[in-house]
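Text of entry33.pdb (PDB, C-alpha atoms, pLDDT in the B column) as supplied:
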ATOM      1  CA  MET A  10      28.252 -45.020  43.990  1.00 79.00           C
ATOM      2  CA  ILE A  11      24.967 -46.931  44.141  1.00 82.00           C
ATOM      3  CA  PHE A  12      23.223 -43.990  45.781  1.00 76.00           C
ATOM      4  CA  ARG A  13      24.618 -41.566  43.214  1.00 79.00           C
ATOM      5  CA  ALA A  14      23.657 -43.886  40.369  1.00 75.00           C
ATOM      6  CA  LYS A  15      20.097 -44.183  41.689  1.00 71.00           C
ATOM      7  CA  ALA A  16      19.864 -40.426  42.240  1.00 71.00           C
ATOM      8  CA  ASN A  17      21.235 -39.708  38.783  1.00 71.00           C
ATOM      9  CA  LYS A  18      18.722 -42.088  37.209  1.00 69.00           C
ATOM     10  CA  ALA A  19      15.854 -40.540  39.156  1.00 69.00           C
ATOM     11  CA  LEU A  20      16.965 -37.039  38.164  1.00 67.00           C
ATOM     12  CA  ASP A  21      17.302 -38.073  34.538  1.00 65.00           C
ATOM     13  CA  ARG A  22      13.771 -39.493  34.599  1.00 69.00           C
ATOM     14  CA  ALA A  23      12.381 -36.358  36.251  1.00 67.00           C
ATOM     15  CA  GLU A  24      14.323 -33.908  34.087  1.00 72.00           C
ATOM     16  CA  ASP A  25      12.405 -32.009  31.450  1.00 80.00           C
ATOM     17  CA  PRO A  26      14.692 -30.526  28.746  1.00 81.00           C
ATOM     18  CA  ARG A  27      12.281 -27.644  28.258  1.00 84.00           C
ATOM     19  CA  GLU A  28      12.540 -26.642  31.895  1.00 87.00           C
ATOM     20  CA  THR A  29      16.337 -26.929  31.721  1.00 86.00           C
ATOM     21  CA  LEU A  30      16.457 -24.669  28.673  1.00 88.00           C
ATOM     22  CA  ASP A  31      14.201 -22.126  30.328  1.00 90.00           C
ATOM     23  CA  TYR A  32      16.404 -22.152  33.426  1.00 91.00           C
ATOM     24  CA  SER A  33      19.555 -21.634  31.322  1.00 91.00           C
ATOM     25  CA  TYR A  34      17.888 -18.781  29.484  1.00 91.00           C
ATOM     26  CA  GLN A  35      16.897 -17.216  32.797  1.00 92.00           C
ATOM     27  CA  LYS A  36      20.497 -17.432  34.007  1.00 92.00           C
ATOM     28  CA  GLN A  37      21.747 -15.785  30.837  1.00 92.00           C
ATOM     29  CA  LEU A  38      19.249 -12.980  31.281  1.00 92.00           C
ATOM     30  CA  GLU A  39      20.486 -12.481  34.832  1.00 93.00           C
ATOM     31  CA  LEU A  40      24.091 -12.356  33.595  1.00 92.00           C
ATOM     32  CA  LEU A  41      23.131  -9.875  30.900  1.00 91.00           C
ATOM     33  CA  GLN A  42      21.410  -7.767  33.525  1.00 92.00           C
ATOM     34  CA  LYS A  43      24.576  -7.782  35.645  1.00 91.00           C
ATOM     35  CA  VAL A  44      26.676  -6.706  32.667  1.00 90.00           C
ATOM     36  CA  ARG A  45      24.255  -3.886  31.904  1.00 90.00           C
ATOM     37  CA  ARG A  46      24.349  -2.843  35.544  1.00 91.00           C
ATOM     38  CA  GLY A  47      28.145  -2.827  35.360  1.00 89.00           C
ATOM     39  CA  VAL A  48      28.028  -0.642  32.281  1.00 90.00           C
ATOM     40  CA  ALA A  49      25.694   1.723  34.083  1.00 91.00           C
ATOM     41  CA  ASP A  50      28.020   1.862  37.127  1.00 92.00           C
ATOM     42  CA  VAL A  51      31.071   2.589  34.981  1.00 91.00           C
ATOM     43  CA  ALA A  52      29.163   5.241  33.072  1.00 91.00           C
ATOM     44  CA  THR A  53      28.115   6.793  36.392  1.00 92.00           C
ATOM     45  CA  SER A  54      31.736   6.881  37.604  1.00 90.00           C
ATOM     46  CA  ARG A  55      32.834   8.406  34.305  1.00 90.00           C
ATOM     47  CA  LYS A  56      30.163  11.050  34.548  1.00 91.00           C
ATOM     48  CA  ARG A  57      31.248  11.859  38.108  1.00 91.00           C
ATOM     49  CA  LEU A  58      34.859  12.278  36.963  1.00 90.00           C
ATOM     50  CA  GLU A  59      33.693  14.567  34.205  1.00 90.00           C
ATOM     51  CA  LEU A  60      31.906  16.732  36.751  1.00 92.00           C
ATOM     52  CA  GLN A  61      35.050  16.863  38.924  1.00 90.00           C
ATOM     53  CA  LEU A  62      37.146  17.765  35.886  1.00 89.00           C
ATOM     54  CA  ASN A  63      34.794  20.580  35.036  1.00 90.00           C
ATOM     55  CA  GLN A  64      35.038  21.913  38.588  1.00 90.00           C
ATOM     56  CA  LEU A  65      38.853  21.676  38.612  1.00 89.00           C
ATOM     57  CA  GLN A  66      39.072  23.394  35.252  1.00 88.00           C
ATOM     58  CA  GLN A  67      36.818  26.165  36.492  1.00 89.00           C
ATOM     59  CA  GLN A  68      39.036  26.581  39.589  1.00 88.00           C
ATOM     60  CA  SER A  69      42.161  26.544  37.408  1.00 87.00           C
ATOM     61  CA  THR A  70      40.698  29.242  35.181  1.00 88.00           C
ATOM     62  CA  LYS A  71      39.771  31.276  38.271  1.00 88.00           C
ATOM     63  CA  LEU A  72      43.336  31.026  39.731  1.00 86.00           C
ATOM     64  CA  GLU A  73      44.773  32.053  36.412  1.00 86.00           C
ATOM     65  CA  ASP A  74      42.583  35.155  36.398  1.00 88.00           C
ATOM     66  CA  GLN A  75      43.577  35.904  39.986  1.00 86.00           C
ATOM     67  CA  GLY A  76      47.255  35.666  39.060  1.00 87.00           C
ATOM     68  CA  ARG A  77      46.804  38.114  36.206  1.00 86.00           C
ATOM     69  CA  LYS A  78      44.977  40.556  38.458  1.00 87.00           C
ATOM     70  CA  ALA A  79      47.705  40.264  41.117  1.00 84.00           C
ATOM     71  CA  LEU A  80      50.404  41.027  38.540  1.00 83.00           C
ATOM     72  CA  ALA A  81      48.388  43.961  37.295  1.00 85.00           C
ATOM     73  CA  LEU A  82      48.251  45.314  40.844  1.00 83.00           C
ATOM     74  CA  GLY A  83      51.934  44.715  41.371  1.00 83.00           C
ATOM     75  CA  ARG A  84      51.470  41.813  43.779  1.00 85.00           C
ATOM     76  CA  GLU A  85      53.859  39.319  42.376  1.00 84.00           C
ATOM     77  CA  ASP A  86      53.692  37.187  45.499  1.00 86.00           C
ATOM     78  CA  LEU A  87      49.950  36.754  45.146  1.00 86.00           C
ATOM     79  CA  ALA A  88      50.361  35.962  41.496  1.00 85.00           C
ATOM     80  CA  ARG A  89      52.972  33.284  42.319  1.00 86.00           C
ATOM     81  CA  GLU A  90      50.653  31.750  44.942  1.00 87.00           C
ATOM     82  CA  ALA A  91      47.771  31.650  42.494  1.00 86.00           C
ATOM     83  CA  LEU A  92      49.932  30.042  39.836  1.00 86.00           C
ATOM     84  CA  SER A  93      51.215  27.462  42.366  1.00 88.00           C
ATOM     85  CA  ARG A  94      47.652  26.467  43.295  1.00 87.00           C
ATOM     86  CA  ARG A  95      46.781  26.330  39.614  1.00 87.00           C
ATOM     87  CA  ALA A  96      49.699  23.954  38.996  1.00 87.00           C
ATOM     88  CA  ALA A  97      48.462  21.626  41.777  1.00 87.00           C
ATOM     89  CA  LEU A  98      44.978  21.664  40.252  1.00 86.00           C
ATOM     90  CA  GLN A  99      46.441  20.875  36.859  1.00 87.00           C
ATOM     91  CA  GLN A 100      48.069  17.784  38.357  1.00 87.00           C
ATOM     92  CA  GLN A 101      44.710  16.668  39.707  1.00 87.00           C
ATOM     93  CA  VAL A 102      43.118  17.374  36.359  1.00 87.00           C
ATOM     94  CA  THR A 103      45.757  15.230  34.658  1.00 89.00           C
ATOM     95  CA  ASP A 104      45.115  12.350  37.083  1.00 89.00           C
ATOM     96  CA  LEU A 105      41.349  12.632  36.639  1.00 88.00           C
ATOM     97  CA  GLU A 106      41.705  12.707  32.883  1.00 88.00           C
ATOM     98  CA  THR A 107      43.745   9.503  33.066  1.00 90.00           C
ATOM     99  CA  GLN A 108      41.072   7.874  35.218  1.00 89.00           C
ATOM    100  CA  HIS A 109      38.414   9.201  32.893  1.00 88.00           C
ATOM    101  CA  ALA A 110      40.123   7.645  29.895  1.00 90.00           C
ATOM    102  CA  THR A 111      40.437   4.334  31.744  1.00 90.00           C
ATOM    103  CA  LEU A 112      36.786   4.356  32.749  1.00 89.00           C
ATOM    104  CA  GLN A 113      35.760   5.272  29.267  1.00 89.00           C
ATOM    105  CA  GLY A 114      37.742   2.322  27.894  1.00 90.00           C
ATOM    106  CA  GLU A 115      36.133  -0.006  30.437  1.00 89.00           C
ATOM    107  CA  GLU A 116      32.744   1.346  29.569  1.00 89.00           C
ATOM    108  CA  GLU A 117      33.308   0.672  25.901  1.00 90.00           C
ATOM    109  CA  LYS A 118      34.486  -2.863  26.644  1.00 90.00           C
ATOM    110  CA  LEU A 119      31.494  -3.561  28.851  1.00 89.00           C
ATOM    111  CA  THR A 120      29.145  -2.066  26.291  1.00 91.00           C
ATOM    112  CA  LEU A 121      30.622  -4.286  23.577  1.00 92.00           C
ATOM    113  CA  ALA A 122      30.409  -7.306  25.897  1.00 89.00           C
ATOM    114  CA  ALA A 123      26.798  -6.484  26.697  1.00 90.00           C
ATOM    115  CA  GLN A 124      25.990  -6.259  22.994  1.00 92.00           C
ATOM    116  CA  ARG A 125      27.668  -9.594  22.294  1.00 92.00           C
ATOM    117  CA  LEU A 126      25.940 -11.189  25.249  1.00 91.00           C
ATOM    118  CA  GLN A 127      22.623  -9.755  24.093  1.00 92.00           C
ATOM    119  CA  ALA A 128      23.139 -11.297  20.655  1.00 93.00           C
ATOM    120  CA  LYS A 129      24.073 -14.606  22.291  1.00 92.00           C
ATOM    121  CA  VAL A 130      21.004 -14.517  24.514  1.00 93.00           C
ATOM    122  CA  ASP A 131      18.753 -13.752  21.540  1.00 93.00           C
ATOM    123  CA  ALA A 132      20.271 -16.625  19.551  1.00 93.00           C
ATOM    124  CA  PHE A 133      19.904 -18.948  22.536  1.00 92.00           C
ATOM    125  CA  ARG A 134      16.291 -17.918  22.941  1.00 92.00           C
ATOM    126  CA  THR A 135      15.544 -18.734  19.301  1.00 92.00           C
ATOM    127  CA  LYS A 136      17.337 -22.063  19.556  1.00 91.00           C
ATOM    128  CA  LYS A 137      15.619 -22.770  22.868  1.00 90.00           C
ATOM    129  CA  GLU A 138      12.172 -22.260  21.427  1.00 91.00           C
ATOM    130  CA  THR A 139      13.056 -24.409  18.416  1.00 92.00           C
ATOM    131  CA  ILE A 140      14.320 -27.235  20.628  1.00 90.00           C
ATOM    132  CA  LYS A 141      11.270 -26.963  22.884  1.00 89.00           C
ATOM    133  CA  ALA A 142       8.909 -27.134  19.913  1.00 91.00           C
ATOM    134  CA  THR A 143      10.796 -30.110  18.467  1.00 91.00           C
ATOM    135  CA  TYR A 144      10.806 -31.874  21.829  1.00 87.00           C
ATOM    136  CA  THR A 145       7.084 -31.249  22.316  1.00 89.00           C
ATOM    137  CA  ALA A 146       6.314 -32.598  18.840  1.00 90.00           C
ATOM    138  CA  ALA A 147       8.510 -35.661  19.415  1.00 87.00           C
ATOM    139  CA  GLN A 148       6.884 -36.248  22.787  1.00 83.00           C
ATOM    140  CA  ALA A 149       3.414 -36.014  21.240  1.00 86.00           C
ATOM    141  CA  GLN A 150       4.395 -38.417  18.440  1.00 85.00           C
ATOM    142  CA  THR A 151       5.828 -40.839  20.990  1.00 82.00           C
ATOM    143  CA  ARG A 152       2.653 -40.743  23.072  1.00 79.00           C
ATOM    144  CA  ILE A 153       0.505 -41.266  19.980  1.00 81.00           C
ATOM    145  CA  GLY A 154       2.689 -44.191  18.901  1.00 77.00           C
ATOM    146  CA  GLU A 155       2.552 -45.719  22.373  1.00 70.00           C
ATOM    147  CA  ALA A 156      -1.221 -45.259  22.439  1.00 69.00           C
ATOM    148  CA  PHE A 157      -1.626 -47.015  19.069  1.00 70.00           C
ATOM    149  CA  SER A 158       0.749 -49.807  20.045  1.00 68.00           C
ATOM    150  CA  GLY A 159      -0.810 -50.152  23.506  1.00 62.00           C
ATOM    151  CA  ILE A 160       2.496 -49.860  25.406  1.00 63.00           C
ATOM    152  CA  SER A 161       1.737 -46.594  27.136  1.00 60.00           C
ATOM    153  CA  GLU A 162       0.795 -46.618  30.806  1.00 60.00           C
ATOM    154  CA  GLU A 163      -2.670 -45.157  30.213  1.00 60.00           C
ATOM    155  CA  MET A 164      -3.508 -47.546  27.368  1.00 58.00           C
ATOM    156  CA  GLY A 165      -2.000 -50.414  29.352  1.00 59.00           C
ATOM    157  CA  ASP A 166      -4.446 -49.725  32.152  1.00 67.00           C
ATOM    158  CA  VAL A 167      -7.298 -49.561  29.637  1.00 66.00           C
ATOM    159  CA  GLY A 168      -6.187 -52.849  28.106  1.00 66.00           C
ATOM    160  CA  LEU A 169      -6.081 -54.526  31.505  1.00 73.00           C
ATOM    161  CA  ALA A 170      -9.558 -53.205  32.315  1.00 74.00           C
ATOM    162  CA  ILE A 171     -10.925 -54.559  29.031  1.00 77.00           C
ATOM    163  CA  GLN A 172      -9.248 -57.913  29.626  1.00 80.00           C
ATOM    164  CA  ARG A 173     -10.704 -58.154  33.132  1.00 83.00           C
ATOM    165  CA  ALA A 174     -14.173 -57.240  31.837  1.00 85.00           C
ATOM    166  CA  GLU A 175     -13.958 -59.887  29.105  1.00 85.00           C
ATOM    167  CA  ASP A 176     -12.786 -62.500  31.592  1.00 87.00           C
ATOM    168  CA  LYS A 177     -15.640 -61.718  33.982  1.00 87.00           C
ATOM    169  CA  THR A 178     -18.167 -61.776  31.118  1.00 89.00           C
ATOM    170  CA  ALA A 179     -16.897 -65.160  29.918  1.00 87.00           C
ATOM    171  CA  GLN A 180     -17.027 -66.493  33.475  1.00 87.00           C
ATOM    172  CA  LEU A 181     -20.633 -65.327  33.946  1.00 85.00           C
ATOM    173  CA  GLN A 182     -21.648 -66.817  30.579  1.00 86.00           C
ATOM    174  CA  ALA A 183     -20.057 -70.125  31.484  1.00 87.00           C
ATOM    175  CA  ARG A 184     -21.795 -70.125  34.885  1.00 83.00           C
ATOM    176  CA  ALA A 185     -25.179 -69.327  33.319  1.00 82.00           C
ATOM    177  CA  GLY A 186     -24.746 -72.148  30.773  1.00 81.00           C
ATOM    178  CA  ALA A 187     -23.740 -74.607  33.482  1.00 81.00           C
ATOM    179  CA  ILE A 188     -26.794 -73.694  35.598  1.00 76.00           C
ATOM    180  CA  ASP A 189     -29.106 -74.147  32.596  1.00 75.00           C
ATOM    181  CA  GLU A 190     -27.642 -77.580  31.904  1.00 76.00           C
ATOM    182  CA  LEU A 191     -28.005 -78.617  35.549  1.00 74.00           C
ATOM    183  CA  LEU A 192     -31.627 -77.435  35.641  1.00 70.00           C
ATOM    184  CA  ALA A 193     -32.401 -79.287  32.430  1.00 70.00           C
ATOM    185  CA  SER A 194     -30.850 -82.517  33.709  1.00 67.00           C
ATOM    186  CA  GLY A 195     -32.656 -82.260  37.038  1.00 63.00           C
ATOM    187  CA  ALA A 196     -29.504 -82.015  39.073  1.00 62.00           C
ATOM    188  CA  LEU A 197     -30.764 -78.732  40.457  1.00 60.00           C
ATOM    189  CA  ASP A 198     -34.311 -77.911  41.566  1.00 61.00           C
ATOM    190  CA  ASP A 199     -36.101 -74.913  40.152  1.00 58.00           C
ATOM    191  CA  GLN A 200     -37.407 -73.086  43.251  1.00 59.00           C
ATOM    192  CA  SER A 201     -39.772 -70.964  41.171  1.00 58.00           C
ATOM    193  CA  GLY A 202     -41.718 -74.031  39.942  1.00 56.00           C
ATOM    194  CA  MET A 203     -41.494 -72.890  36.309  1.00 56.00           C
ATOM    195  CA  HIS A 204     -39.059 -75.567  35.219  1.00 53.00           C
ATOM    196  CA  LYS A 205     -40.415 -78.865  33.754  1.00 54.00           C
ATOM    197  CA  ASP A 206     -38.718 -82.204  33.831  1.00 58.00           C
ATOM    198  CA  ASP A 207     -37.668 -84.027  30.689  1.00 62.00           C
ATOM    199  CA  ILE A 208     -40.706 -86.391  30.583  1.00 64.00           C
ATOM    200  CA  GLN A 209     -43.222 -83.546  30.775  1.00 62.00           C
ATOM    201  CA  ALA A 210     -41.260 -81.611  28.175  1.00 63.00           C
ATOM    202  CA  GLU A 211     -41.386 -84.588  25.765  1.00 64.00           C
ATOM    203  CA  LEU A 212     -45.154 -85.045  26.329  1.00 65.00           C
ATOM    204  CA  ASP A 213     -45.742 -81.362  25.645  1.00 65.00           C
ATOM    205  CA  ARG A 214     -43.747 -81.630  22.470  1.00 64.00           C
ATOM    206  CA  LEU A 215     -45.724 -84.660  21.224  1.00 64.00           C
ATOM    207  CA  SER A 216     -49.093 -83.063  22.021  1.00 64.00           C
ATOM    208  CA  GLY A 217     -48.063 -79.931  20.273  1.00 63.00           C
ATOM    209  CA  GLY A 218     -47.115 -81.963  17.193  1.00 63.00           C
ATOM    210  CA  THR A 219     -50.517 -83.764  17.200  1.00 69.00           C
ATOM    211  CA  ASP A 220     -52.402 -80.485  17.277  1.00 71.00           C
ATOM    212  CA  VAL A 221     -50.402 -79.292  14.311  1.00 73.00           C
ATOM    213  CA  GLU A 222     -51.155 -82.470  12.326  1.00 77.00           C
ATOM    214  CA  LEU A 223     -54.895 -82.194  13.038  1.00 80.00           C
ATOM    215  CA  GLU A 224     -54.941 -78.577  11.950  1.00 81.00           C
ATOM    216  CA  LEU A 225     -53.056 -79.498   8.777  1.00 81.00           C
ATOM    217  CA  GLN A 226     -55.609 -82.274   7.923  1.00 85.00           C
ATOM    218  CA  ARG A 227     -58.482 -79.889   8.501  1.00 84.00           C
ATOM    219  CA  MET A 228     -57.002 -77.349   6.093  1.00 86.00           C
ATOM    220  CA  LYS A 229     -56.414 -80.045   3.444  1.00 85.00           C
ATOM    221  CA  ALA A 230     -60.020 -81.235   3.761  1.00 87.00           C
ATOM    222  CA  GLU A 231     -61.383 -77.732   3.380  1.00 86.00           C
ATOM    223  CA  LEU A 232     -59.321 -77.214   0.254  1.00 87.00           C
ATOM    224  CA  ALA A 233     -60.475 -80.579  -1.200  1.00 84.00           C
ATOM    225  CA  GLY A 234     -64.233 -80.737  -0.534  1.00 73.00           C
ATOM    226  CA  GLY A 235     -65.479 -77.824   1.442  1.00 57.00           C
ATOM    227  CA  PRO A 236     -66.191 -77.365   5.109  1.00 51.00           C
ATOM    228  CA  SER A 237     -68.612 -80.385   5.454  1.00 50.00           C
ATOM    229  CA  ALA A 238     -66.192 -82.873   3.930  1.00 48.00           C
ATOM    230  CA  GLY A 239     -63.436 -81.461   5.987  1.00 47.00           C
ATOM    231  CA  GLN A 240     -65.491 -81.737   9.124  1.00 51.00           C
ATOM    232  CA  GLN A 241     -66.406 -85.386   8.260  1.00 53.00           C
ATOM    233  CA  ALA A 242     -62.779 -86.184   7.551  1.00 48.00           C
ATOM    234  CA  ILE A 243     -61.758 -84.733  10.874  1.00 48.00           C
ATOM    235  CA  GLU A 244     -64.645 -86.358  12.761  1.00 51.00           C
ATOM    236  CA  GLY A 245     -64.271 -89.663  10.926  1.00 50.00           C
ATOM    237  CA  GLY A 246     -63.998 -92.546  13.335  1.00 45.00           C
ATOM    238  CA  PRO A 247     -65.936 -95.474  14.760  1.00 45.00           C
ATOM    239  CA  GLY A 248     -68.949 -93.335  15.632  1.00 45.00           C
ATOM    240  CA  GLY A 249     -69.299 -91.805  12.205  1.00 44.00           C
ATOM    241  CA  GLN A 250     -68.926 -95.005  10.297  1.00 44.00           C
ATOM    242  CA  SER A 251     -71.592 -96.784  12.466  1.00 44.00           C
ATOM    243  CA  GLN A 252     -74.099 -94.004  11.799  1.00 44.00           C
ATOM    244  CA  GLN A 253     -73.591 -94.292   8.030  1.00 43.00           C
ATOM    245  CA  GLN A 254     -73.979 -98.060   8.097  1.00 46.00           C
ATOM    246  CA  SER A 255     -77.160 -97.735  10.179  1.00 43.00           C
ATOM    247  CA  GLN A 256     -78.629 -95.433   7.549  1.00 45.00           C
ATOM    248  CA  GLN A 257     -77.806 -97.862   4.699  1.00 45.00           C
ATOM    249  CA  GLN A 258     -78.811-101.112   6.496  1.00 45.00           C
ATOM    250  CA  PRO A 259     -82.599-100.921   5.953  1.00 45.00           C
ATOM    251  CA  GLN A 260     -82.047-100.795   2.203  1.00 45.00           C
ATOM    252  CA  ASP A 261     -79.928-103.965   2.202  1.00 46.00           C
ATOM    253  CA  THR A 262     -82.267-106.032   4.494  1.00 44.00           C
ATOM    254  CA  PRO A 263     -84.700-108.303   2.444  1.00 45.00           C
ATOM    255  CA  ARG A 264     -88.390-107.917   2.987  1.00 46.00           C
ATOM    256  CA  PHE A 265     -90.665-110.937   3.648  1.00 43.00           C
ATOM    257  CA  ASP A 266     -94.374-110.793   2.878  1.00 45.00           C
ATOM    258  CA  LYS A 267     -96.847-112.488   5.216  1.00 42.00           C
ATOM    259  CA  GLN A 268     -98.666-115.337   3.680  1.00 37.00           C
TER
END

Represent the structure from my file as structure tokens, please.
Amino acid sequence: MIFRAKANKALDRAEDPRETLDYSYQKQLELLQKVRRGVADVATSRKRLELQLNQLQQQSTKLEDQGRKALALGREDLAREALSRRAALQQQVTDLETQHATLQGEEEKLTLAAQRLQAKVDAFRTKKETIKATYTAAQAQTRIGEAFSGISEEMGDVGLAIQRAEDKTAQLQARAGAIDELLASGALDDQSGMHKDDIQAELDRLSGGTDVELELQRMKAELAGGPSAGQQAIEGGPGGQSQQQSQQQPQDTPRFDKQ
């Protein structure tokens, strides 16, 4: 029972209703062909009986003529013999006519059966094509629905591939971020020599900020008093102030005349 159940399930999964309908239609066509062949055989037998009947009737007519001629010649014995043979032929003719009527009836029955079977086959063909078209449309709708819902085998494989790609991408991103953090903290050495430690990075940041402040002061000085004032403001320091005081000191020093 288990084997039959498994086999039945496998056959049901592998069965295609369209193929089954086509096979049934093919069998009906073969049956219709056999019925037509039977009609042709019966018609052939009937035609053969008709030929035999024609021959027997011709022989019967010939014996009748021979009997008349024998009586005309005064040969009654010959006339009796001819009539006796004619009577035997008439019995054969009667038997053949009975067989002919039987064959003709069978031929009519087979012809009617062939016509009915032909109508049945035509109706089955129309229904078959309708069922096949409906099944194909339903199958297409099912596949489209499965594709949209993601439960089909093909779309399931695509979904798994996308999921694996996303997982690998996230893993690589996490690894790259971890490596950057380790390089920044100094836990890992940069073999290329391009990485700077945190102290050097802070010094570079401070020097970069000082350059920006100096440039900003220079621009403010230019806007306020021209290039010379700006240059003096930028160069202002201990050296500049001492030069200005040295220029003004002779004026402030008192002069003494010699007596």

Looking at A:Ala14, A:Leu232, A:Phe157, A:Arg27, which one is nearest to Thr145 of chain A, with distances taken over all atoms listed in the file? A:Arg27

With a cut-off of 10 Å, could you pull out the residues of segment 21-83 of chain A touching segment 114-118 of chain A and give me the nearest pair of atoms for each, distance in Å to one decimal, using all atoms listed in the file, ordered by chain and ascending number, as CSV?
residue,atom,partner,partner_atom,distance
A:Gly47,CA,A:Glu116,CA,8.5
A:Val48,CA,A:Glu116,CA,5.8
A:Ala49,CA,A:Glu116,CA,8.4
A:Asp50,CA,A:Glu116,CA,8.9
A:Val51,CA,A:Glu116,CA,5.8
A:Ala52,CA,A:Glu116,CA,6.3
A:Thr53,CA,A:Glu116,CA,9.9
A:Ser54,CA,A:Glu116,CA,9.8
A:Arg55,CA,A:Glu116,CA,8.5

Could you check which of A:Thr29, A:Gln37, A:Thr151, A:Gln226 is closest to Leu126 of chain A, using all atoms listed in the file?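 Distance minimum relative to Leu126 of chain A lands on A:Gln37.
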
Which residue out of A:Ala142, A:Leu121, A:Gln68, A:Arg84 has the minimum interatomic distance to Ala96 of chain A when only C-alpha atoms are used?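 So, comparing all the options, the nearest one is A:Gln68.
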
What does the structure give for the distance between atom CA of Val102 of chain A and atom CA of Gln66 of chain A, in Å to one decimal?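 Between these atoms lies a distance of 7.3 Å.
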
To one decimal place, how far is atom CA of Asp220 of chain A from atom CA of Leu192 of chain A in Å?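 For atom CA of Asp220 of chain A relative to atom CA of Leu192 of chain A, the distance reads 27.9 Å.
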
Skipping near chain neighbours, those fewer than 6 positions away, what residues fall within 10 Å of Ser33 of chain A using only C-alpha atoms, listed as a list in words? Arg27, Glu39, Val130, Phe133, Arg134 and Lys137 of chain A

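The space between atom CA of Glu85 of chain A and atom CA of Gln100 of chain A spans 22.7 Å.
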
Just say which residues the PyMOL selection byres ((chain A and resi 89-93) around 7) picks in this file, as a PyMOL selection string. chain A and resi 72-73+75-76+85-88+94-97
